[in-house]
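Colleague: Following this message is one structure expressed as structure tokens.
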Amino acid sequence: MTDSTPSPDPSRKRKGDLLPERLARAITMAGPIPLSQFMGAANAHYYGTRDPLGARGDFTTAPEISQMFGELIGLWLADLWDRAGRPAARYVELGPGRGTLAADALRAMAKAGLNPPVDFVETSPTLRAAQAERVPGAEWHLGFTGIAEEGPLLVVANEFFDALPIRQLVATNDGWRERLVACQDTLFLPIAGDRSFDMIIPPDLRDAPPGSILETSPASVATLRGLAQRLLTQGGAALIIDYGYEGPAIGDTLQAVRGHRYANPFEEPGEADLTAHVDFATLREAAEAEGLVAYGPVTQGSFLTALGIGARAEALAKASPERAADIAVDRDRLIGEEAMGDLFKVLAITAPGWPVPAGFA
């Protein structure tokens, strides 16, 4: 359902109601909790109590770097919609930040004749307010429930899946165990649990040396499956952009960012952005298992280059010569191998029968 409930006044929180104290009490009473539970609680508090973006926030996303990013995504959607027969589609964005990407994409889509109604899946009242300023008329939802069930969906998820909770399995001398979070007072630390998880480890990874970590994200797979069911029923496509890899693979990618610097993920939960690299191979397999058609992943650099970011940068520089150097820097941040170009990946999924999307030659 659509939810417009305002956030509670932070000034009314009692000291004992702070997230670290609540987590510490829960762990003291019931024992260590899975990392996924810790991460989910930390990010729910973090995103629900602030605008994390920009110079005054903790990190900057691609749409905030340059209008070129959102414009090219809008044209990608418009091209796909046009070749699909121009149906009465809806624009849906998961975790739309300040609404910057949507505003840029919708402006580009409108020039191509596409003016869809807008649905945002967003839980943060603070970010909803920012989105309302940039995209008047949007509707907000806590999930896919409440989004109209008529007409194809054009879905964008930029840096959304990386913030969904992950589980970590760690190799020990006694086999694979789930990584849990324990605490002493309000000092949180990861430990290995007692339960064996050997049987779910891919055979080629079972003999990894002690200390090796394998990450999974049941929350991401569940979200993907929910999206797939809507696309199968209504038609449409989704574009997923995030930093990640093609797994499964060994490695600890959990990280915290605060004030544009890396921080300890277990220190002051709820005060830093907790993320993990996205396993694009698993998302692709989940989409295909549901009956969708998947394309990629490809690198963000190759994707944006194929869509014409070079020509768009030249046009912007010609229109504003005084900004030419800045525009070139922004372009390079988006597509450069040493910047976002290689680390970020792009995966497209479409309903059966929809055209092959651009950028995935």
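Just remember, in the structure tokens the first chain shown is A, the second B, etc., residues are 1-based per chain, and ligands are 1-based in the order shown.
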Can you list every residue of region 199-287 of chain A that has an atom at most 9 Å from region 31-39 of chain A, with its nearest atom pair and the distance in Å to one decimal, using only C-alpha atoms, ordered by chain then number, as a Markdown table?
Modeller:
| residue | atom | partner | partner_atom | distance |
| --- | --- | --- | --- | --- |
| A:Ser217 | CA | A:Ser36 | CA | 8.3 |
| A:Ala219 | CA | A:Ser36 | CA | 9.0 |
| A:Pro265 | CA | A:Met39 | CA | 8.8 |
| A:Phe266 | CA | A:Phe38 | CA | 8.9 |
| A:Pro269 | CA | A:Phe38 | CA | 8.1 |
| A:Gly270 | CA | A:Met39 | CA | 8.8 |
| A:Leu274 | CA | A:Met39 | CA | 6.7 |
| A:Thr275 | CA | A:Met39 | CA | 8.4 |
Colleague: With only C-alpha atoms as the counted atoms, please give the residues lying no more than 10 Å from Gly95 (chain A), apart from itself and same-chain residues fewer than 2 positions off, as a list in words.
Modeller: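 So the residues in contact are Val92, Glu93, Gly97, Arg98, Gly99, Phe120, Val121, Glu122, Thr123, Ser124, Leu127, Arg128, Val156, Ala157, Asn158, Glu159, Phe160, Phe161 and Ala163 of chain A.
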Colleague: I need the residues from that last selection saved to file as a PDB file, in the first residue's frame (with C-alpha atoms), if you can.
Modeller:
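Now in part.pdb:
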ATOM      1  CA  VAL A  92       9.085   2.750 -11.092  1.00  0.00           C
ATOM      2  CA  GLU A  93      12.276   3.475  -9.164  1.00  0.00           C
ATOM      3  CA  GLY A  97      17.558   8.938  -3.478  1.00  0.00           C
ATOM      4  CA  ARG A  98      16.694  12.617  -3.826  1.00  0.00           C
ATOM      5  CA  GLY A  99      14.757  12.001  -7.034  1.00  0.00           C
ATOM      6  CA  PHE A 120       8.756   5.382  -5.924  1.00  0.00           C
ATOM      7  CA  VAL A 121       9.598   2.535  -3.576  1.00  0.00           C
ATOM      8  CA  GLU A 122      11.018   4.476  -0.648  1.00  0.00           C
ATOM      9  CA  THR A 123      10.844   4.054   3.138  1.00  0.00           C
ATOM     10  CA  SER A 124      12.622   7.241   4.261  1.00  0.00           C
ATOM     11  CA  LEU A 127      14.138  11.330   1.177  1.00  0.00           C
ATOM     12  CA  ARG A 128      10.455  11.273   0.207  1.00  0.00           C
ATOM     13  CA  VAL A 156      15.193   1.440 -12.366  1.00  0.00           C
ATOM     14  CA  ALA A 157      17.267   0.360  -9.355  1.00  0.00           C
ATOM     15  CA  ASN A 158      20.462   2.396  -9.034  1.00  0.00           C
ATOM     16  CA  GLU A 159      22.553   1.607  -5.949  1.00  0.00           C
ATOM     17  CA  PHE A 160      19.593  -0.117  -4.336  1.00  0.00           C
ATOM     18  CA  PHE A 161      20.582  -3.773  -4.026  1.00  0.00           C
ATOM     19  CA  ALA A 163      22.145  -1.738   0.752  1.00  0.00           C
TER      20      ALA A 163
END
Colleague: Region 114-237 of chain A: which residues are alpha helix (DSSP H) by DSSP, as a list in words?
Modeller: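 So, restricting region 114-237 of chain A to alpha helix (DSSP H), we get Pro125, Thr126, Leu127, Arg128, Ala129, Ala130, Gln131, Ala132, Glu133, Arg134, Pro218, Ala219, Ser220, Val221, Ala222, Thr223, Leu224, Arg225, Gly226, Leu227, Ala228, Gln229, Arg230, Leu231, Leu232, Thr233 and Gln234 of chain A.
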Colleague: Let me make sure I understand: among A:Ala263, A:Ala351, A:Ala276, A:Leu180, which one has the smallest atom-to-atom distance to Asp194 (chain A) if we use only C-alpha atoms?
Modeller: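 Ranking A:Ala263, A:Ala351, A:Ala276, A:Leu180 by distance to Asp194 (chain A), first place goes to A:Leu180.
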Colleague: So how many Å separate CA of His45 (chain A) and CA of Asp273 (chain A), to one decimal?
Modeller: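 The value is 10.0 Å.
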Colleague: For Val278 (chain A), please output as a list of chain:residue names all residues within 8 Å (counting only C-alpha atoms; exclusion window: fewer than 2 positions along the same chain).
Modeller: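 The contact residues come out as A:Phe161, A:Asp162, A:Asp242, A:Tyr243, A:Gly244, A:Tyr245, A:Ala276, A:Phe280.
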Colleague: Take the residues that were just selected and, keeping C-alpha atoms, output them as a JSON list (two decimals), in the first residue's frame.
Modeller:
[["chain", "number", "residue", "atom", "x", "y", "z"],
["A", 161, "PHE", "CA", 20.58, -3.77, -4.03],
["A", 162, "ASP", "CA", 23.94, -2.98, -2.38],
["A", 242, "ASP", "CA", 25.30, -1.19, -8.76],
["A", 243, "TYR", "CA", 28.83, -1.99, -7.76],
["A", 244, "GLY", "CA", 29.45, -5.70, -7.70],
["A", 245, "TYR", "CA", 30.79, -8.86, -9.26],
["A", 276, "ALA", "CA", 28.04, -4.93, 0.18],
["A", 280, "PHE", "CA", 25.07, -10.03, -10.36]]
Colleague: Can you check which residues of region 91-294 of chain A DSSP gives as strand (DSSP E) on the backbone and send them as number ranges by chain?
Modeller: A: 91-94, 118-121, 139-141, 153-158, 167-172, 175-184, 187-196, 213-216, 236-245, 255-258, 261-263, 273-275, 278-279, 293-294
Colleague: Please identify all polymer residues within 9 Å of Val155 (chain A), counting only C-alpha atoms, omitting same-chain residues fewer than 6 positions from it, and present them as a list in words.
Modeller: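 Residues meeting the cut-off are Leu77, Arg90, Tyr91, Val92, Glu93, Leu94, Leu227, Gly236, Ala237, Ala238, Leu239 and Ile240 of chain A.
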Colleague: Would you please work out which residue, of A:Leu169, A:Leu18, A:Met68, A:Ala42, is nearest to Asp330 (chain A) when using only C-alpha atoms?
Modeller: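 Result for the nearest residue to Asp330 (chain A): A:Met68.
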Colleague: Can you list, as a PyMOL selection string, every protein, DNA or RNA residue that comes within 12 Å of Ala102 (chain A) when you count only C-alpha atoms, leaving out same-chain residues fewer than 6 positions away?
Modeller: chain A and resi 63-64+67+69-75+77+91-96+108-110+115-120+130-136+138+154-158
Colleague: Dump N, CA, C and O atoms for the selected residues as a compact mmCIF listing (two decimals), in the first residue's frame?
Modeller:
# COMPACT_ATOMS: atom_id res chain seq x y z
N PRO A 63 23.79 9.78 -10.27
CA PRO A 63 22.88 10.86 -10.69
C PRO A 63 23.27 12.22 -10.12
O PRO A 63 22.98 13.25 -10.74
N GLU A 64 23.91 12.22 -8.93
CA GLU A 64 24.31 13.49 -8.32
C GLU A 64 25.58 14.03 -8.95
O GLU A 64 25.90 15.21 -8.80
N GLN A 67 23.94 15.18 -14.77
CA GLN A 67 22.64 14.96 -15.39
C GLN A 67 22.71 13.94 -16.51
O GLN A 67 21.70 13.33 -16.88
N PHE A 69 23.87 11.00 -16.58
CA PHE A 69 23.53 9.65 -16.13
C PHE A 69 22.02 9.41 -16.23
O PHE A 69 21.57 8.48 -16.89
N GLY A 70 21.24 10.25 -15.60
CA GLY A 70 19.79 10.08 -15.63
C GLY A 70 19.20 10.27 -17.01
O GLY A 70 18.27 9.57 -17.40
N GLU A 71 19.74 11.22 -17.77
CA GLU A 71 19.23 11.46 -19.12
C GLU A 71 19.40 10.23 -20.00
O GLU A 71 18.48 9.84 -20.74
N LEU A 72 20.56 9.60 -19.93
CA LEU A 72 20.80 8.42 -20.77
C LEU A 72 19.93 7.25 -20.36
O LEU A 72 19.46 6.49 -21.21
N ILE A 73 19.68 7.10 -19.05
CA ILE A 73 18.77 6.05 -18.62
C ILE A 73 17.36 6.34 -19.11
O ILE A 73 16.63 5.43 -19.54
N GLY A 74 16.95 7.60 -19.06
CA GLY A 74 15.63 7.95 -19.57
C GLY A 74 15.49 7.64 -21.05
O GLY A 74 14.46 7.11 -21.50
N LEU A 75 16.52 7.95 -21.83
CA LEU A 75 16.48 7.65 -23.26
C LEU A 75 16.52 6.14 -23.51
O LEU A 75 15.89 5.65 -24.46
N LEU A 77 15.16 3.88 -21.57
CA LEU A 77 13.79 3.43 -21.30
C LEU A 77 12.85 3.82 -22.44
O LEU A 77 12.00 3.03 -22.87
N TYR A 91 6.64 4.41 -14.71
CA TYR A 91 8.03 4.49 -14.30
C TYR A 91 8.10 4.16 -12.82
O TYR A 91 7.42 4.77 -11.99
N VAL A 92 8.93 3.18 -12.48
CA VAL A 92 9.09 2.75 -11.09
C VAL A 92 10.56 2.82 -10.74
O VAL A 92 11.41 2.31 -11.47
N GLU A 93 10.88 3.45 -9.61
CA GLU A 93 12.28 3.47 -9.16
C GLU A 93 12.37 2.96 -7.74
O GLU A 93 11.59 3.35 -6.86
N LEU A 94 13.32 2.06 -7.52
CA LEU A 94 13.57 1.50 -6.20
C LEU A 94 14.68 2.29 -5.53
O LEU A 94 15.78 2.40 -6.06
N GLY A 95 14.39 2.84 -4.36
CA GLY A 95 15.39 3.64 -3.67
C GLY A 95 15.84 4.82 -4.48
O GLY A 95 17.02 4.92 -4.83
N PRO A 96 14.95 5.78 -4.77
CA PRO A 96 15.29 6.86 -5.72
C PRO A 96 16.10 8.02 -5.16
O PRO A 96 16.18 9.07 -5.81
N ALA A 108 14.18 13.55 -20.11
CA ALA A 108 14.63 12.96 -21.37
C ALA A 108 13.52 12.13 -22.02
O ALA A 108 13.34 12.16 -23.24
N MET A 109 12.79 11.39 -21.21
CA MET A 109 11.69 10.57 -21.75
C MET A 109 10.61 11.44 -22.38
O MET A 109 10.06 11.09 -23.43
N ALA A 110 10.32 12.56 -21.75
CA ALA A 110 9.27 13.43 -22.27
C ALA A 110 9.61 13.93 -23.67
O ALA A 110 8.73 14.06 -24.53
N ASN A 115 5.61 10.01 -21.17
CA ASN A 115 5.28 10.75 -19.96
C ASN A 115 4.54 9.84 -18.98
O ASN A 115 3.34 9.98 -18.76
N PRO A 116 5.24 8.90 -18.37
CA PRO A 116 4.56 7.89 -17.55
C PRO A 116 4.25 8.40 -16.14
O PRO A 116 4.92 9.29 -15.62
N PRO A 117 3.22 7.82 -15.51
CA PRO A 117 3.04 8.06 -14.07
C PRO A 117 4.23 7.48 -13.32
O PRO A 117 4.89 6.56 -13.81
N VAL A 118 4.50 8.02 -12.14
CA VAL A 118 5.72 7.69 -11.41
C VAL A 118 5.40 7.04 -10.07
O VAL A 118 4.59 7.56 -9.30
N ASP A 119 6.07 5.93 -9.79
CA ASP A 119 5.96 5.24 -8.51
C ASP A 119 7.35 5.10 -7.91
O ASP A 119 8.28 4.62 -8.56
N PHE A 120 7.50 5.51 -6.65
CA PHE A 120 8.76 5.38 -5.92
C PHE A 120 8.60 4.37 -4.80
O PHE A 120 7.65 4.46 -4.01
N ALA A 130 12.43 15.14 -0.28
CA ALA A 130 13.32 15.63 -1.35
C ALA A 130 12.82 15.18 -2.71
O ALA A 130 12.87 15.95 -3.69
N GLN A 131 12.33 13.95 -2.80
CA GLN A 131 11.81 13.43 -4.07
C GLN A 131 10.57 14.21 -4.52
O GLN A 131 10.38 14.47 -5.71
N ALA A 132 9.74 14.59 -3.56
CA ALA A 132 8.51 15.33 -3.91
C ALA A 132 8.83 16.67 -4.55
O ALA A 132 8.08 17.16 -5.40
N GLU A 133 9.93 17.29 -4.13
CA GLU A 133 10.31 18.57 -4.72
C GLU A 133 10.74 18.42 -6.17
O GLU A 133 10.46 19.28 -7.01
N ARG A 134 11.43 17.32 -6.48
CA ARG A 134 11.97 17.13 -7.83
C ARG A 134 10.99 16.45 -8.76
O ARG A 134 11.05 16.66 -9.97
N VAL A 135 10.10 15.62 -8.22
CA VAL A 135 9.15 14.89 -9.06
C VAL A 135 7.75 15.04 -8.48
O VAL A 135 7.21 14.12 -7.84
N PRO A 136 7.12 16.19 -8.68
CA PRO A 136 5.75 16.38 -8.19
C PRO A 136 4.81 15.36 -8.84
O PRO A 136 4.95 15.04 -10.02
N ALA A 138 4.51 12.20 -7.95
CA ALA A 138 4.90 10.81 -7.73
C ALA A 138 4.08 10.19 -6.61
O ALA A 138 3.57 10.90 -5.74
N LEU A 154 8.41 0.13 -16.13
CA LEU A 154 9.78 0.47 -16.50
C LEU A 154 10.51 0.78 -15.20
O LEU A 154 10.32 1.84 -14.60
N VAL A 155 11.33 -0.16 -14.74
CA VAL A 155 11.88 -0.12 -13.40
C VAL A 155 13.36 0.22 -13.43
O VAL A 155 14.12 -0.32 -14.24
N VAL A 156 13.78 1.09 -12.52
CA VAL A 156 15.19 1.44 -12.37
C VAL A 156 15.59 1.22 -10.91
O VAL A 156 14.87 1.64 -9.99
N ALA A 157 16.72 0.56 -10.70
CA ALA A 157 17.27 0.36 -9.35
C ALA A 157 18.74 0.71 -9.40
O ALA A 157 19.58 -0.11 -9.79
N ASN A 158 19.07 1.95 -9.03
CA ASN A 158 20.46 2.40 -9.03
C ASN A 158 20.96 2.45 -7.60
O ASN A 158 20.41 3.16 -6.76
Colleague: If you count only C-alpha atoms, which residues fall within 12 Å of Asp174 (chain A), apart from same-chain ones fewer than 4 positions away, as a PyMOL selection string?
Modeller: chain A and resi 170+192-198+206-207+209-211
Colleague: Pick the closest to Ala328 (chain A) from A:Ala208, A:Ala89, A:Ile147, A:Ile65: which is it, counting only C-alpha atoms?
Modeller: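 Counting only C-alpha atoms, the residue closest to Ala328 (chain A) is A:Ile65.
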